[in-house]
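S.K.: Right, I'll just put the structure down here and ask away after.
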Amino acid sequence: MYKIRGRIINFRTETINLKDGETAQKMFITIEESDTGFNHKHQFEIFGETKINLLKDKIKQDRFVKIDFYIKSNEWKDKFFNTLNIKNVILEDEVSMPDMSVYEEEDHQAEEEEKNKIPF
C-alpha cells in the first residue's frame, strides 16, 4: 500500500464496456502533489459503482486529500502499463484558527487590572 498527499485538480466518471458485454463505472481522479518541491500530477482510478459511491463525497475539486493506493500492472506486447488504484481517500479539513479576539480581550482586561492594583 502506498500513500500520497495532493490537491484534486480534476475528476470524472466514465462508463466502460467490459469484455463480457456488461458495463461498469470508473472514476478518474487527478491530483497535483507538491510536498516534494515539484508539482507532479498523478491520475488515480476507482473501479466499480459501489466503491465510487462510498468515496464520491470525499472527492471535491481543489481540496487537499491523502490517498491510500496500490499499483496494478498489465503486460502487453512486452510493455508494462501501470494503474494507480485508490483504496481510500481522506479529506484534509481546512485548519480554522480560533477567534483570537476573545483571548486578546481577556489579556487586555488582565493588564488593566494589574495597572489598577494598589502597590501595597
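In the C-alpha cells, chains take letters A, B, ... by order of appearance, with residues numbered from 1 within each chain and ligands from 1 in the order shown.
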Name all residues at most 7 Å from A:Ile31 (count only C-alpha atoms; drop same-chain ones fewer than 4 positions away) and give them as a list in words.

M.R.: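 Skipping anything fewer than 4 positions along the chain leaves Gly6, Arg7, Ile8, Ile9, Lys41, His42 and Gln43 of chain A.
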
S.K.: Write the residues you've just listed into a file as a PDB file, in the first residue's frame, and include C-alpha atoms for each of them.

M.R.:
ATOM      1  CA  GLY A   6      -2.097  16.325  -3.011  1.00  0.00           C
ATOM      2  CA  ARG A   7      -4.720  18.736  -4.300  1.00  0.00           C
ATOM      3  CA  ILE A   8      -7.517  17.399  -6.506  1.00  0.00           C
ATOM      4  CA  ILE A   9      -7.310  19.240  -9.822  1.00  0.00           C
ATOM      5  CA  LYS A  41       0.450  15.259 -11.451  1.00  0.00           C
ATOM      6  CA  HIS A  42      -0.858  11.737 -10.920  1.00  0.00           C
ATOM      7  CA  GLN A  43      -4.069  10.129 -12.117  1.00  0.00           C
TER       8      GLN A  43
END

S.K.: Considering only strand (DSSP E) as DSSP defines it on the backbone, what residues of stretch 13-97 of chain A qualify? List them as a VMD selection string.

M.R.: chain A and resid 13 to 17 23 to 33 40 to 47 64 to 76 79 to 91

S.K.: Hey, which of A:Lys56, A:Lys72, A:Arg63, A:Lys77 ends up closest to A:Met1? Count only C-alpha atoms.

M.R.: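 That would be A:Lys72, the residue with the smallest distance to A:Met1.
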
S.K.: Would you compute the distance between atom CA of A:Leu55 and atom CA of A:Ile90? Give it in Å to one decimal.

M.R.: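 Here the two named atoms are 9.2 Å from each other.
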
S.K.: Name all residues at most 7 Å from A:Glu45 (count only C-alpha atoms; drop same-chain ones fewer than 5 positions away) and give them as a PyMOL selection string.

M.R.: chain A and resi 26-29+84-86

S.K.: Write a file of the selected residues as a JSON list (two decimals), in the first residue's frame, keeping C-alpha atoms.

M.R.:
[["chain", "number", "residue", "atom", "x", "y", "z"],
["A", 26, "LYS", "CA", -14.79, 4.01, -13.35],
["A", 27, "MET", "CA", -13.79, 7.31, -11.72],
["A", 28, "PHE", "CA", -10.55, 9.09, -12.63],
["A", 29, "ILE", "CA", -9.06, 11.50, -10.11],
["A", 84, "LEU", "CA", -2.85, 3.67, -9.59],
["A", 85, "ASN", "CA", -5.93, 2.19, -7.88],
["A", 86, "ILE", "CA", -7.40, 4.03, -4.91]]

S.K.: Which is closest to A:Phe64 among A:Gln25, A:Ile4, A:Asp35, A:Glu92, if we use only C-alpha atoms?

M.R.: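 Ranking A:Gln25, A:Ile4, A:Asp35, A:Glu92 by distance to A:Phe64, first place goes to A:Glu92.
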
S.K.: From the DSSP assignment of the backbone, select every residue of stretch 3-89 of chain A that is helix (DSSP H, G or I), and format the answer as number ranges by chain.

M.R.: A: 49-58

S.K.: Between atom CA of A:Lys3 and atom CA of A:Ile71, what is the distance in Å, rounded to a tenth?

M.R.: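 Rounded to one decimal, the two atoms are 11.1 Å apart.
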
S.K.: Would you work out the distance separating atom CA of A:Phe81 from atom CA of A:Leu18, expressed in Å to one decimal?

M.R.: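 It comes out at 18.2 Å.
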
S.K.: With only C-alpha atoms as the basis for distance, which of A:Glu75, A:Ala24, A:Arg12, A:Asn17 is at the shortest distance from A:Phe47?

M.R.: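 That would be A:Ala24, the residue with the smallest distance to A:Phe47.
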